[in-house]
Amino acid sequence: MNSKSIDLLNAAVAEELSAVHQYMYFHFHCDDMGYDLLAGLFKRTAIDEMNHIERLAERILFLEGDVELKAASDVKKTQEVAEMLDMAKQMEKDSIKMYNRSAAACSQNEDSASKTIFEELVRDEEGHYDTFDVERHNLKKFGDNYLALQSIERSRSGGTPAE
């Protein structure tokens, strides 16, 4: 049993759980405001984070550890889309830094399988960061019109939220 790797993997589970909670909170509010594109983005990202938790948990169990399902932080409340996107970018940036450090620590502890998982998570989180960065740029470039177009599109579809 590699207790250092288990600790790092469980710390990642805690971060991912916090991300799931935060992204679902953003999803609910964007959906309520009719911003279907952003609501769907936050929902899909939360599902990606749930898949990360599953990969981490499988590795913890393989190492004969126990999965700790405690979120690292509470949900931060906001209904401002710009703030949501800024928070999402920062969360992803923090995860990238943490997972790079965890990959290096696993390498030093001769646990290449856990190292690989962390490296894969870094790639996924970089993709999330890039997506949130593009959306934040769109919001800066187009302003409230960007959000209004999403609400108008929902109205055209009969008020049905998009998936």
# chains A, B, ... in the order shown; residues from 1 in each chain; ligands from 1
>>> residues_around(residues="Ser5 of chain A", least_positions_apart="6", cutoff="9 Å", atoms="only C-alpha atoms", output="list in words")
Ile60, Leu63, Ser102, Ala105, Cys106, Asn109, Asp111, Ser114 and Lys115 of chain A
>>> residues_around(residues="Asp86 of chain A", least_positions_apart="3", cutoff="9 Å", atoms="only C-alpha atoms", output="list in words")
Val81, Ala82, Glu83, Lys89, Gln90, Met91, Phe132, Asp133 and Arg136 of chain A
>>> closest_residue(among="A:His21, A:His29, A:Lys70, A:His128", to="Thr45 of chain A", atoms="only C-alpha atoms")
A:His128
>>> closest_residue(among="A:Met98, A:Leu37, A:Ala57, A:Met87", to="Ile152 of chain A", atoms="only C-alpha atoms")
A:Leu37
>>> residues_around(residues="Tyr23 of chain A", least_positions_apart="4", cutoff="8 Å", atoms="only C-alpha atoms", output="tab-separated table (two decimals) with N, CA and C atoms, in the first residue's frame")
chain	number	residue	atom	x	y	z
A	19	ALA	N	-15.44	20.82	-7.04
A	19	ALA	CA	-15.69	21.31	-8.40
A	19	ALA	C	-17.08	20.88	-8.89
A	27	HIS	N	-24.46	25.75	-12.98
A	27	HIS	CA	-25.40	25.19	-13.96
A	27	HIS	C	-26.84	25.59	-13.59
A	42	PHE	N	-21.41	24.14	-17.89
A	42	PHE	CA	-21.15	23.84	-16.49
A	42	PHE	C	-21.60	22.43	-16.12
A	43	LYS	N	-22.73	21.99	-16.66
A	43	LYS	CA	-23.22	20.65	-16.37
A	43	LYS	C	-22.26	19.59	-16.93
A	45	THR	N	-19.13	19.91	-17.58
A	45	THR	CA	-17.87	19.96	-16.83
A	45	THR	C	-18.03	19.25	-15.49
A	46	ALA	N	-19.16	19.42	-14.83
A	46	ALA	CA	-19.41	18.71	-13.57
A	46	ALA	C	-19.39	17.20	-13.80
A	88	ALA	N	-14.37	29.64	-12.22
A	88	ALA	CA	-14.12	28.36	-12.89
A	88	ALA	C	-12.69	28.31	-13.42
>>> closest_residue(among="A:Asp31, A:Asp7, A:Glu120, A:Asp130", to="Glu92 of chain A", atoms="only C-alpha atoms")
A:Asp130
